[in-house]
>>> print(open('data.cif').read())   # mmCIF, C-alpha atoms (C1' of nucleotides)
data_data
#
loop_
_atom_site.group_PDB
_atom_site.id
_atom_site.type_symbol
_atom_site.label_atom_id
_atom_site.label_comp_id
_atom_site.auth_asym_id
_atom_site.auth_seq_id
_atom_site.Cartn_x
_atom_site.Cartn_y
_atom_site.Cartn_z
ATOM 1 C CA MET F 1 52.414 109.737 29.041
ATOM 2 C CA ALA F 2 51.999 111.336 25.785
ATOM 3 C CA VAL F 3 54.287 112.828 23.319
ATOM 4 C CA SER F 4 54.436 114.238 19.915
ATOM 5 C CA THR F 5 55.426 117.123 17.884
ATOM 6 C CA ALA F 6 53.281 118.276 15.113
ATOM 7 C CA GLY F 7 54.683 118.814 11.710
ATOM 8 C CA ALA F 8 58.079 117.893 10.513
ATOM 9 C CA GLY F 9 61.257 119.138 11.948
ATOM 10 C CA THR F 10 63.148 117.846 14.888
ATOM 11 C CA ALA F 11 63.103 120.427 17.544
ATOM 12 C CA ALA F 12 60.360 122.775 16.705
ATOM 13 C CA ASP F 13 60.052 123.173 20.423
ATOM 14 C CA GLU F 14 59.773 126.873 20.229
ATOM 15 C CA ASN F 15 56.337 126.670 18.779
ATOM 16 C CA VAL F 16 54.210 125.782 21.712
ATOM 17 C CA ASP F 17 51.581 123.451 20.404
ATOM 18 C CA THR F 18 50.196 121.625 23.354
ATOM 19 C CA GLY F 19 47.589 119.998 21.207
ATOM 20 C CA GLY F 20 47.849 116.278 21.720
ATOM 21 C CA MET F 21 51.323 116.316 23.047
ATOM 22 C CA CYS F 22 52.648 115.716 26.469
ATOM 23 C CA PRO F 23 54.844 118.536 27.727
ATOM 24 C CA SER F 24 57.166 116.107 29.416
ATOM 25 C CA ARG F 25 58.412 115.185 25.989
ATOM 26 C CA LEU F 26 59.768 118.664 25.465
ATOM 27 C CA VAL F 27 61.385 118.628 28.871
ATOM 28 C CA MET F 28 63.140 115.407 27.964
ATOM 29 C CA GLU F 29 64.261 116.658 24.597
ATOM 30 C CA HIS F 30 65.653 119.834 26.021
ATOM 31 C CA VAL F 31 67.807 118.198 28.666
ATOM 32 C CA THR F 32 68.922 115.353 26.415
ATOM 33 C CA SER F 33 69.677 117.497 23.408
ATOM 34 C CA ARG F 34 73.043 117.340 21.781
ATOM 35 C CA TRP F 35 74.559 120.366 23.478
ATOM 36 C CA ALA F 36 72.450 120.590 26.612
ATOM 37 C CA VAL F 37 74.016 117.363 27.813
ATOM 38 C CA LEU F 38 77.497 118.818 27.627
ATOM 39 C CA ILE F 39 76.483 122.134 29.119
ATOM 40 C CA LEU F 40 74.629 120.638 32.066
ATOM 41 C CA ILE F 41 77.512 118.393 32.964
ATOM 42 C CA ARG F 42 79.931 121.279 32.935
ATOM 43 C CA LEU F 43 77.667 123.435 35.048
ATOM 44 C CA LEU F 44 77.340 120.589 37.501
ATOM 45 C CA GLU F 45 80.955 121.137 38.378
ATOM 46 C CA ARG F 46 80.787 124.897 38.749
ATOM 47 C CA PRO F 47 79.282 128.007 37.199
ATOM 48 C CA HIS F 48 80.747 128.958 33.854
ATOM 49 C CA ARG F 49 80.948 132.035 31.728
ATOM 50 C CA PHE F 50 79.817 131.968 28.118
ATOM 51 C CA GLY F 51 83.333 131.882 26.775
ATOM 52 C CA GLU F 52 84.380 129.201 29.199
ATOM 53 C CA LEU F 53 81.609 126.955 28.025
ATOM 54 C CA ARG F 54 82.420 127.682 24.420
ATOM 55 C CA ARG F 55 86.070 126.793 24.811
ATOM 56 C CA SER F 56 85.417 123.806 27.031
ATOM 57 C CA ILE F 57 82.929 122.287 24.649
ATOM 58 C CA ARG F 58 84.836 123.201 21.538
ATOM 59 C CA SER F 59 87.696 121.081 22.763
ATOM 60 C CA ILE F 60 85.615 118.011 22.123
ATOM 61 C CA GLY F 61 82.895 119.057 19.750
ATOM 62 C CA GLN F 62 82.501 121.919 17.363
ATOM 63 C CA ILE F 63 79.728 123.861 18.971
ATOM 64 C CA SER F 64 79.004 127.154 17.339
ATOM 65 C CA GLU F 65 78.275 130.307 19.259
ATOM 66 C CA LYS F 66 74.812 130.267 17.826
ATOM 67 C CA MET F 67 74.022 126.837 19.198
ATOM 68 C CA LEU F 68 75.598 127.567 22.544
ATOM 69 C CA ALA F 69 73.523 130.699 22.910
ATOM 70 C CA ARG F 70 70.358 129.012 21.750
ATOM 71 C CA THR F 71 70.802 126.023 24.034
ATOM 72 C CA LEU F 72 71.553 128.222 27.022
ATOM 73 C CA GLN F 73 68.432 130.248 26.315
ATOM 74 C CA THR F 74 66.321 127.145 26.124
ATOM 75 C CA LEU F 75 67.755 125.841 29.382
ATOM 76 C CA GLU F 76 67.220 129.192 31.020
ATOM 77 C CA ARG F 77 63.669 129.421 29.788
ATOM 78 C CA ASP F 78 62.907 125.965 31.128
ATOM 79 C CA GLY F 79 64.325 126.959 34.478
ATOM 80 C CA PHE F 80 67.348 124.688 34.443
ATOM 81 C CA VAL F 81 69.951 127.376 34.170
ATOM 82 C CA HIS F 82 70.305 130.725 35.878
ATOM 83 C CA ARG F 83 71.801 133.550 33.875
ATOM 84 C CA ASP F 84 73.590 136.211 35.865
ATOM 85 C CA ALA F 85 74.573 139.137 33.680
ATOM 86 C CA LYS F 86 76.708 141.606 35.541
ATOM 87 C CA PRO F 87 76.225 145.172 34.322
ATOM 88 C CA VAL F 88 79.851 145.851 33.610
ATOM 89 C CA VAL F 89 81.859 146.525 30.557
ATOM 90 C CA PRO F 90 83.113 144.406 29.024
ATOM 91 C CA PRO F 91 80.136 142.125 29.718
ATOM 92 C CA HIS F 92 80.448 139.393 32.308
ATOM 93 C CA VAL F 93 77.786 136.692 32.333
ATOM 94 C CA ASP F 94 77.728 133.682 34.594
ATOM 95 C CA TYR F 95 75.652 130.613 33.961
ATOM 96 C CA SER F 96 74.818 128.265 36.807
ATOM 97 C CA LEU F 97 72.398 125.464 37.541
ATOM 98 C CA THR F 98 69.151 126.066 39.324
ATOM 99 C CA GLU F 99 67.983 123.443 41.745
ATOM 100 C CA LEU F 100 65.792 122.007 39.043
ATOM 101 C CA GLY F 101 68.691 122.041 36.636
ATOM 102 C CA HIS F 102 70.836 120.306 39.177
ATOM 103 C CA GLU F 103 68.371 117.461 39.344
ATOM 104 C CA ALA F 104 68.379 117.175 35.596
ATOM 105 C CA ALA F 105 72.131 117.405 35.332
ATOM 106 C CA GLU F 106 72.630 114.642 37.863
ATOM 107 C CA GLN F 107 70.535 112.280 35.818
ATOM 108 C CA ILE F 108 72.174 113.300 32.600
ATOM 109 C CA ARG F 109 75.520 112.770 34.207
ATOM 110 C CA MET F 110 74.578 109.252 35.229
ATOM 111 C CA LEU F 111 73.475 108.528 31.708
ATOM 112 C CA ALA F 112 76.692 109.970 30.362
ATOM 113 C CA LEU F 113 78.754 107.871 32.722
ATOM 114 C CA TRP F 114 76.837 104.808 31.703
ATOM 115 C CA SER F 115 77.331 105.648 28.021
ATOM 116 C CA HIS F 116 81.001 106.030 28.600
ATOM 117 C CA ASP F 117 81.202 102.698 30.415
ATOM 118 C CA ARG F 118 79.346 100.886 27.668
ATOM 119 C CA MET F 119 80.696 102.560 24.599
ATOM 120 C CA HIS F 120 83.189 99.861 23.781
ATOM 121 C CA GLN F 121 80.546 97.228 24.135
ATOM 122 C CA VAL F 122 78.337 99.204 21.804
ATOM 123 C CA GLN F 123 81.116 99.646 19.302
ATOM 124 C CA LYS F 124 81.728 95.914 19.306
ATOM 125 C CA SER F 125 78.059 95.356 18.672
ATOM 126 C CA ARG F 126 78.145 97.729 15.746
ATOM 127 C CA GLU F 127 81.101 95.996 14.202
ATOM 128 C CA MET F 128 79.400 92.645 14.464
ATOM 129 C CA TYR F 129 76.216 94.028 13.006
ATOM 130 C CA ASP F 130 78.018 95.593 10.104
ATOM 131 C CA ALA F 131 80.076 92.485 9.503
ATOM 132 C CA ALA F 132 76.989 90.303 9.521
ATOM 133 C CA LYS F 133 75.263 92.617 7.104
ATOM 134 C CA GLY F 134 78.312 92.629 4.924
ATOM 135 C CA ARG F 135 79.562 96.048 4.035
ATOM 136 C CA PRO F 136 82.371 95.800 1.517
ATOM 137 C CA MET E 1 85.325 115.002 34.480
ATOM 138 C CA ALA E 2 85.492 113.398 31.105
ATOM 139 C CA VAL E 3 82.034 112.354 31.803
ATOM 140 C CA SER E 4 79.921 112.960 28.813
ATOM 141 C CA THR E 5 82.588 112.500 26.323
ATOM 142 C CA ALA E 6 85.610 110.386 26.460
ATOM 143 C CA GLY E 7 88.725 111.943 27.746
ATOM 144 C CA ALA E 8 89.685 115.409 26.887
ATOM 145 C CA GLY E 9 92.238 114.647 24.251
ATOM 146 C CA THR E 10 89.919 112.244 22.556
ATOM 147 C CA ALA E 11 90.538 113.506 19.116
ATOM 148 C CA ALA E 12 92.272 110.271 18.232
ATOM 149 C CA ASP E 13 89.570 108.604 16.227
ATOM 150 C CA GLU E 14 91.001 106.867 13.281
ATOM 151 C CA ASN E 15 88.162 104.410 13.111
ATOM 152 C CA VAL E 16 84.969 105.580 11.658
ATOM 153 C CA ASP E 17 84.380 109.186 10.918
ATOM 154 C CA THR E 18 82.644 110.275 14.042
ATOM 155 C CA GLY E 19 83.014 113.850 13.048
ATOM 156 C CA GLY E 20 85.559 114.340 15.759
ATOM 157 C CA MET E 21 83.108 113.525 18.479
ATOM 158 C CA CYS E 22 83.576 111.057 21.224
ATOM 159 C CA PRO E 23 81.921 107.636 20.795
ATOM 160 C CA SER E 24 80.032 107.894 24.049
ATOM 161 C CA ARG E 25 78.264 110.907 22.603
ATOM 162 C CA LEU E 26 76.842 108.717 19.880
ATOM 163 C CA VAL E 27 75.677 106.178 22.432
ATOM 164 C CA MET E 28 73.920 108.931 24.341
ATOM 165 C CA GLU E 29 72.375 110.416 21.266
ATOM 166 C CA HIS E 30 71.017 107.114 20.093
ATOM 167 C CA VAL E 31 69.274 106.230 23.326
ATOM 168 C CA THR E 32 68.006 109.744 23.945
ATOM 169 C CA SER E 33 66.850 110.345 20.405
ATOM 170 C CA ARG E 34 63.340 111.442 19.714
ATOM 171 C CA TRP E 35 61.883 108.038 18.952
ATOM 172 C CA ALA E 36 64.321 105.773 20.744
ATOM 173 C CA VAL E 37 63.045 107.098 24.054
ATOM 174 C CA LEU E 38 59.509 106.041 23.275
ATOM 175 C CA ILE E 39 60.547 102.706 21.849
ATOM 176 C CA LEU E 40 62.796 101.766 24.750
ATOM 177 C CA ILE E 41 60.144 102.580 27.306
ATOM 178 C CA ARG E 42 57.621 100.430 25.513
ATOM 179 C CA LEU E 43 60.016 97.527 25.196
ATOM 180 C CA LEU E 44 60.740 97.784 28.891
ATOM 181 C CA GLU E 45 57.244 96.603 29.511
ATOM 182 C CA ARG E 46 57.297 93.699 27.082
ATOM 183 C CA PRO E 47 58.460 92.684 23.625
ATOM 184 C CA HIS E 48 56.574 94.302 20.797
ATOM 185 C CA ARG E 49 55.987 93.612 17.158
ATOM 186 C CA PHE E 50 56.681 96.263 14.560
ATOM 187 C CA GLY E 51 53.047 97.092 14.078
ATOM 188 C CA GLU E 52 52.398 97.224 17.788
ATOM 189 C CA LEU E 53 55.107 99.800 18.238
ATOM 190 C CA ARG E 54 53.861 101.771 15.289
ATOM 191 C CA ARG E 55 50.321 101.915 16.596
ATOM 192 C CA SER E 56 51.356 102.507 20.187
ATOM 193 C CA ILE E 57 53.580 105.400 19.299
ATOM 194 C CA ARG E 58 51.303 106.805 16.652
ATOM 195 C CA SER E 59 48.651 107.248 19.275
ATOM 196 C CA ILE E 60 50.716 109.984 20.811
ATOM 197 C CA GLY E 61 53.109 111.080 18.121
ATOM 198 C CA GLN E 62 53.139 110.776 14.403
ATOM 199 C CA ILE E 63 56.015 108.452 13.864
ATOM 200 C CA SER E 64 56.395 107.310 10.312
ATOM 201 C CA GLU E 65 57.254 103.765 9.346
ATOM 202 C CA LYS E 66 60.520 105.014 8.008
ATOM 203 C CA MET E 67 61.613 106.507 11.307
ATOM 204 C CA LEU E 68 60.393 103.543 13.293
ATOM 205 C CA ALA E 69 62.385 101.194 11.106
ATOM 206 C CA ARG E 70 65.441 103.394 11.140
ATOM 207 C CA THR E 71 65.405 103.855 14.901
ATOM 208 C CA LEU E 72 64.925 100.154 15.498
ATOM 209 C CA GLN E 73 67.851 99.398 13.219
ATOM 210 C CA THR E 74 70.052 101.836 15.038
ATOM 211 C CA LEU E 75 69.079 100.369 18.386
ATOM 212 C CA GLU E 76 69.660 96.862 17.089
ATOM 213 C CA ARG E 77 73.028 97.766 15.654
ATOM 214 C CA ASP E 78 74.099 99.319 18.947
ATOM 215 C CA GLY E 79 73.070 96.157 20.740
ATOM 216 C CA PHE E 80 70.151 97.617 22.674
ATOM 217 C CA VAL E 81 67.396 95.773 20.893
ATOM 218 C CA HIS E 82 67.093 92.190 19.743
ATOM 219 C CA ARG E 83 65.243 91.525 16.538
ATOM 220 C CA ASP E 84 63.586 88.138 16.251
ATOM 221 C CA ALA E 85 62.221 87.559 12.775
ATOM 222 C CA LYS E 86 60.222 84.369 12.593
ATOM 223 C CA PRO E 87 60.365 82.712 9.184
ATOM 224 C CA VAL E 88 56.668 82.555 8.640
ATOM 225 C CA VAL E 89 54.289 84.127 6.253
ATOM 226 C CA PRO E 90 52.980 86.619 6.801
ATOM 227 C CA PRO E 91 56.100 87.916 8.550
ATOM 228 C CA HIS E 92 56.219 88.036 12.328
ATOM 229 C CA VAL E 93 58.989 90.059 13.940
ATOM 230 C CA ASP E 94 59.447 90.594 17.635
ATOM 231 C CA TYR E 95 61.571 93.315 19.127
ATOM 232 C CA SER E 96 62.845 93.016 22.663
ATOM 233 C CA LEU E 97 65.469 94.605 24.875
ATOM 234 C CA THR E 98 68.877 93.084 25.285
ATOM 235 C CA GLU E 99 70.452 93.267 28.703
ATOM 236 C CA LEU E 100 72.364 96.310 27.586
ATOM 237 C CA GLY E 101 69.195 97.845 26.236
ATOM 238 C CA HIS E 102 67.435 97.131 29.472
ATOM 239 C CA GLU E 103 70.035 99.124 31.348
ATOM 240 C CA ALA E 104 69.582 102.001 28.978
ATOM 241 C CA ALA E 105 65.814 101.822 29.050
ATOM 242 C CA GLU E 106 65.752 101.903 32.839
ATOM 243 C CA GLN E 107 67.688 105.125 32.878
ATOM 244 C CA ILE E 108 65.603 106.626 30.132
ATOM 245 C CA ARG E 109 62.510 105.646 32.031
ATOM 246 C CA MET E 110 63.744 107.372 35.158
ATOM 247 C CA LEU E 111 64.467 110.468 33.155
ATOM 248 C CA ALA E 112 61.030 110.305 31.582
ATOM 249 C CA LEU E 113 59.387 109.950 34.972
ATOM 250 C CA TRP E 114 61.368 112.862 36.278
ATOM 251 C CA SER E 115 60.391 114.938 33.256
ATOM 252 C CA HIS E 116 56.797 114.092 33.881
ATOM 253 C CA ASP E 117 57.047 115.078 37.530
ATOM 254 C CA ARG E 118 58.661 118.411 36.714
ATOM 255 C CA MET E 119 56.839 119.394 33.592
ATOM 256 C CA HIS E 120 54.443 121.739 35.267
ATOM 257 C CA GLN E 121 57.271 123.459 37.043
ATOM 258 C CA VAL E 122 59.052 123.831 33.718
ATOM 259 C CA GLN E 123 55.959 125.174 32.048
ATOM 260 C CA LYS E 124 55.598 127.761 34.760
ATOM 261 C CA SER E 125 59.172 128.772 34.232
ATOM 262 C CA ARG E 126 58.616 129.149 30.518
ATOM 263 C CA GLU E 127 55.598 131.326 31.053
ATOM 264 C CA MET E 128 57.492 133.587 33.382
ATOM 265 C CA TYR E 129 60.407 133.773 30.981
ATOM 266 C CA ASP E 130 58.181 134.619 28.056
ATOM 267 C CA ALA E 131 56.246 137.148 30.058
ATOM 268 C CA ALA E 132 59.423 138.857 31.162
ATOM 269 C CA LYS E 133 60.744 138.895 27.634
ATOM 270 C CA GLY E 134 57.451 139.940 26.205
ATOM 271 C CA ARG E 135 56.465 137.579 23.435
ATOM 272 C CA PRO E 136 53.880 139.068 21.111
ATOM 273 C "C1'" DC I 1 52.768 92.188 8.195
ATOM 274 C "C1'" DA I 2 57.140 94.225 7.929
ATOM 275 C "C1'" DG I 3 59.517 96.742 5.905
ATOM 276 C "C1'" DT I 4 61.964 99.629 1.538
ATOM 277 C "C1'" DA I 5 62.208 103.563 -1.926
ATOM 278 C "C1'" DT I 6 61.451 108.240 -3.257
ATOM 279 C "C1'" DC I 7 60.105 112.942 -2.907
ATOM 280 C "C1'" DC I 8 60.484 117.111 -0.456
ATOM 281 C "C1'" DG I 9 59.872 120.590 3.159
ATOM 282 C "C1'" DA I 10 61.683 122.131 7.703
ATOM 283 C "C1'" DC I 11 64.938 122.749 10.784
ATOM 284 C "C1'" DA I 12 69.632 121.847 13.261
ATOM 285 C "C1'" DC I 13 74.011 123.113 12.825
ATOM 286 C "C1'" DG I 14 78.597 125.291 11.586
ATOM 287 C "C1'" DA I 15 81.054 129.160 9.645
ATOM 288 C "C1'" DT I 16 81.357 133.760 9.161
ATOM 289 C "C1'" DA I 17 80.540 138.497 9.884
ATOM 290 C "C1'" DC I 18 78.708 142.017 12.696
ATOM 291 C "C1'" DT I 19 76.969 144.644 17.135
ATOM 292 C "C1'" DG I 20 76.701 146.621 21.988
ATOM 293 C "C1'" DC U 1 83.119 139.520 26.119
ATOM 294 C "C1'" DA U 2 78.699 138.053 24.944
ATOM 295 C "C1'" DG U 3 76.008 137.590 22.000
ATOM 296 C "C1'" DT U 4 72.946 138.424 17.093
ATOM 297 C "C1'" DA U 5 72.323 138.088 11.829
ATOM 298 C "C1'" DT U 6 72.802 135.638 7.778
ATOM 299 C "C1'" DC U 7 73.874 131.944 4.722
ATOM 300 C "C1'" DG U 8 74.706 127.137 3.005
ATOM 301 C "C1'" DT U 9 74.447 122.356 3.910
ATOM 302 C "C1'" DG U 10 73.277 118.156 5.968
ATOM 303 C "C1'" DT U 11 69.979 115.468 8.298
ATOM 304 C "C1'" DC U 12 65.508 114.694 10.246
ATOM 305 C "C1'" DG U 13 61.184 113.435 9.414
ATOM 306 C "C1'" DG U 14 56.360 112.812 7.237
ATOM 307 C "C1'" DA U 15 53.702 111.228 3.245
ATOM 308 C "C1'" DT U 16 53.160 108.118 -0.165
ATOM 309 C "C1'" DA U 17 53.860 104.192 -2.977
ATOM 310 C "C1'" DC U 18 55.829 99.753 -3.598
ATOM 311 C "C1'" DT U 19 57.885 94.809 -2.408
ATOM 312 C "C1'" DG U 20 58.340 89.982 -0.291
#
>>> encode(input="data.cif", output="structure tokens")
Amino acid sequence: MAVSTAGAGTAADENVDTGGMCPSRLVMEHVTSRWAVLILIRLLERPHRFGELRRSIRSIGQISEKMLARTLQTLERDGFVHRDAKPVVPPHVDYSLTELGHEAAEQIRMLALWSHDRMHQVQKSREMYDAAKGRP
Amino acid sequence: MAVSTAGAGTAADENVDTGGMCPSRLVMEHVTSRWAVLILIRLLERPHRFGELRRSIRSIGQISEKMLARTLQTLERDGFVHRDAKPVVPPHVDYSLTELGHEAAEQIRMLALWSHDRMHQVQKSREMYDAAKGRP
DNA sequence: CAGTATCCGACACGATACTG
DNA sequence: CAGTATCGTGTCGGATACTG
């Protein structure tokens, strides 16, 4: 496999430079990104509206509307999320997982469960590391 | 529920300043980070020296020594990677997976394989999305 | 060889304000 | 309600030079 992003910057995914870089890297980064993880897991349970996602995620992390919108667009563009905008007023938009997105979300969910199971162990490790390094 | 992040009312974090985010999020983010993914997958195969990792990863992505060192330190601190520095000159340092790191790496590897399998499908989706949106 | 230190640009991200 | 536009800040990340 190959991977790489040209230039600096973390997620300059929007610029499509396939030169020397494996596309699978971008797929990975999109589904494992900070907010995509939380969105996918929520959509695994049921479809959500924009505001539902915003409130649900805000309860644990301060996602901004900008980032929620951007992440949803990325996921939609990649084919992980289906956007269903009903032509009514006020607007009503439902986000749901595609089959592809469901596959991704399942894996992300397993990783999230694992992270949750191991987090105390990791925290212990960090404390020991910091203690050994001496941080007064 | 409470999958990706610790329980809902997890705001009680008087320890370190996690920015109000759940600890399991940090675990996730460390193992799914840009360079950690590549490092973990390589260490799954066998232990590597610093320079080996640098060269191996540079061949596909331009990781700098700074980021390689920083990522390795993070992984070591979290207890995913074991650092074995032999007291010789010139220095000889081996990095290997801990048992915990092995668990993480296996999952990351599965995700990477899945990403590789689906990347063409994702690319197709992106093309269709861009075409529909009209990207000049 | 295995890092560390410094400079600096690029982007992620949150907060806020605004639109359809 | 569902976004977009704009701004300021923090962090990521590469390049380069230096140390043990």
>>> calpha_fit_rmsd(input="data.cif", fixed="chain F", moving="chain E")
4.7 Å
>>> resolve_selection(input="data.cif", expression="the PyMOL selection byres ((chain I) within 8 of (chain E))", output="MDAnalysis selection string")
chainID I and resid 1:3
>>> resolve_selection(input="data.cif", expression="the PyMOL selection byres ((chain U and resi 15-18) around 9)", output="ChimeraX atom specification")
/E:64 /I:4-7 /U:14,19
>>> write_last_selection(input="data.cif", atoms="C-alpha atoms (C1' of nucleotides)", output="mmCIF file, keeping the file's coordinate frame")
data_model
loop_
_atom_site.group_PDB
_atom_site.id
_atom_site.type_symbol
_atom_site.label_atom_id
_atom_site.label_comp_id
_atom_site.auth_asym_id
_atom_site.auth_seq_id
_atom_site.Cartn_x
_atom_site.Cartn_y
_atom_site.Cartn_z
ATOM 1 C CA SER E 64 56.395 107.310 10.312
ATOM 2 C "C1'" DT I 4 61.964 99.629 1.538
ATOM 3 C "C1'" DA I 5 62.208 103.563 -1.926
ATOM 4 C "C1'" DT I 6 61.451 108.240 -3.257
ATOM 5 C "C1'" DC I 7 60.105 112.942 -2.907
ATOM 6 C "C1'" DG U 14 56.360 112.812 7.237
ATOM 7 C "C1'" DT U 19 57.885 94.809 -2.408
#
>>> closest_residue(input="data.cif", among="F:Leu53, F:Cys22, F:Met28, F:Leu44", to="chain U", atoms="only C-alpha atoms (C1' of nucleotides)")
F:Leu53
>>> atom_distance(input="data.cif", atom1="atom CA of Asp84 of chain E", atom2="atom CA of Tyr129 of chain F")
14.3 Å
>>> atom_distance(input="data.cif", atom1="atom CA of Val81 of chain F", atom2="atom CA of His102 of chain F")
8.7 Å
>>> closest_atom_pairs(input="data.cif", of="chain F", to="chain E", cutoff="7 Å", atoms="all atoms listed in the file", output="JSON lines")
{"residue": "F:Ala2", "atom": "CA", "partner": "E:Ile60", "partner_atom": "CA", "distance": 5.3}
{"residue": "F:Val3", "atom": "CA", "partner": "E:Ile60", "partner_atom": "CA", "distance": 5.2}
{"residue": "F:Ser4", "atom": "CA", "partner": "E:Gly61", "partner_atom": "CA", "distance": 3.9}
{"residue": "F:Thr5", "atom": "CA", "partner": "E:Gly61", "partner_atom": "CA", "distance": 6.5}
{"residue": "F:Gly20", "atom": "CA", "partner": "E:Ile60", "partner_atom": "CA", "distance": 7.0}
{"residue": "F:Met21", "atom": "CA", "partner": "E:Ile60", "partner_atom": "CA", "distance": 6.7}
{"residue": "F:Pro23", "atom": "CA", "partner": "E:Met119", "partner_atom": "CA", "distance": 6.3}
{"residue": "F:Ser24", "atom": "CA", "partner": "E:His116", "partner_atom": "CA", "distance": 4.9}
{"residue": "F:Val27", "atom": "CA", "partner": "E:Ser115", "partner_atom": "CA", "distance": 5.8}
{"residue": "F:Met28", "atom": "CA", "partner": "E:Ser115", "partner_atom": "CA", "distance": 6.0}
{"residue": "F:Thr32", "atom": "CA", "partner": "E:Thr32", "partner_atom": "CA", "distance": 6.2}
{"residue": "F:Arg34", "atom": "CA", "partner": "E:Glu29", "partner_atom": "CA", "distance": 7.0}
{"residue": "F:Leu38", "atom": "CA", "partner": "E:Ser4", "partner_atom": "CA", "distance": 6.4}
{"residue": "F:Ile60", "atom": "CA", "partner": "E:Met21", "partner_atom": "CA", "distance": 6.3}
{"residue": "F:Gly61", "atom": "CA", "partner": "E:Met21", "partner_atom": "CA", "distance": 5.7}
{"residue": "F:Arg77", "atom": "CA", "partner": "E:Arg126", "partner_atom": "CA", "distance": 5.1}
{"residue": "F:Asp78", "atom": "CA", "partner": "E:Val122", "partner_atom": "CA", "distance": 5.1}
{"residue": "F:Gly79", "atom": "CA", "partner": "E:Ser125", "partner_atom": "CA", "distance": 5.5}
{"residue": "F:Gln107", "atom": "CA", "partner": "E:Leu111", "partner_atom": "CA", "distance": 6.9}
{"residue": "F:Arg109", "atom": "CA", "partner": "E:Val3", "partner_atom": "CA", "distance": 7.0}
{"residue": "F:Leu111", "atom": "CA", "partner": "E:Gln107", "partner_atom": "CA", "distance": 6.8}
{"residue": "F:Ala112", "atom": "CA", "partner": "E:Ser4", "partner_atom": "CA", "distance": 4.7}
{"residue": "F:Leu113", "atom": "CA", "partner": "E:Val3", "partner_atom": "CA", "distance": 5.6}
{"residue": "F:Ser115", "atom": "CA", "partner": "E:Ser24", "partner_atom": "CA", "distance": 5.3}
{"residue": "F:His116", "atom": "CA", "partner": "E:Ser24", "partner_atom": "CA", "distance": 5.0}
{"residue": "F:Met119", "atom": "CA", "partner": "E:Ser24", "partner_atom": "CA", "distance": 5.4}
{"residue": "F:Val122", "atom": "CA", "partner": "E:Asp78", "partner_atom": "CA", "distance": 5.1}
{"residue": "F:Ser125", "atom": "CA", "partner": "E:Gly79", "partner_atom": "CA", "distance": 5.5}
{"residue": "F:Arg126", "atom": "CA", "partner": "E:Arg77", "partner_atom": "CA", "distance": 5.1}
{"residue": "F:Tyr129", "atom": "CA", "partner": "E:Arg77", "partner_atom": "CA", "distance": 5.6}
>>> closest_residue(input="data.cif", among="F:His30, F:Lys133, F:His82, F:Arg54", to="chain U", atoms="only C-alpha atoms (C1' of nucleotides)")
F:Arg54
>>> interface_residues(input="data.cif", of="chain U", to="chain F", cutoff="8 Å", atoms="only C-alpha atoms (C1' of nucleotides)", output="PyMOL selection string")
chain U and resi 1-3+12-14
>>> write_last_selection(input="data.cif", atoms="C-alpha atoms (C1' of nucleotides)", output="CSV table (one decimal), in the frame of the given file")
chain,number,residue,atom,x,y,z
U,1,DC,C1',83.1,139.5,26.1
U,2,DA,C1',78.7,138.1,24.9
U,3,DG,C1',76.0,137.6,22.0
U,12,DC,C1',65.5,114.7,10.2
U,13,DG,C1',61.2,113.4,9.4
U,14,DG,C1',56.4,112.8,7.2
>>> atom_distance(input="data.cif", atom1="atom CA of Ile39 of chain F", atom2="atom CA of Leu72 of chain F")
8.1 Å
>>> axis_aligned_box(input="data.cif", around="segment 33-48 of chain E", padding_each_side="8 Å", output="AutoDock Vina command-line options")
--center_x 61.7 --center_y 102.1 --center_z 24.2 --size_x 26.3 --size_y 34.8 --size_z 26.6
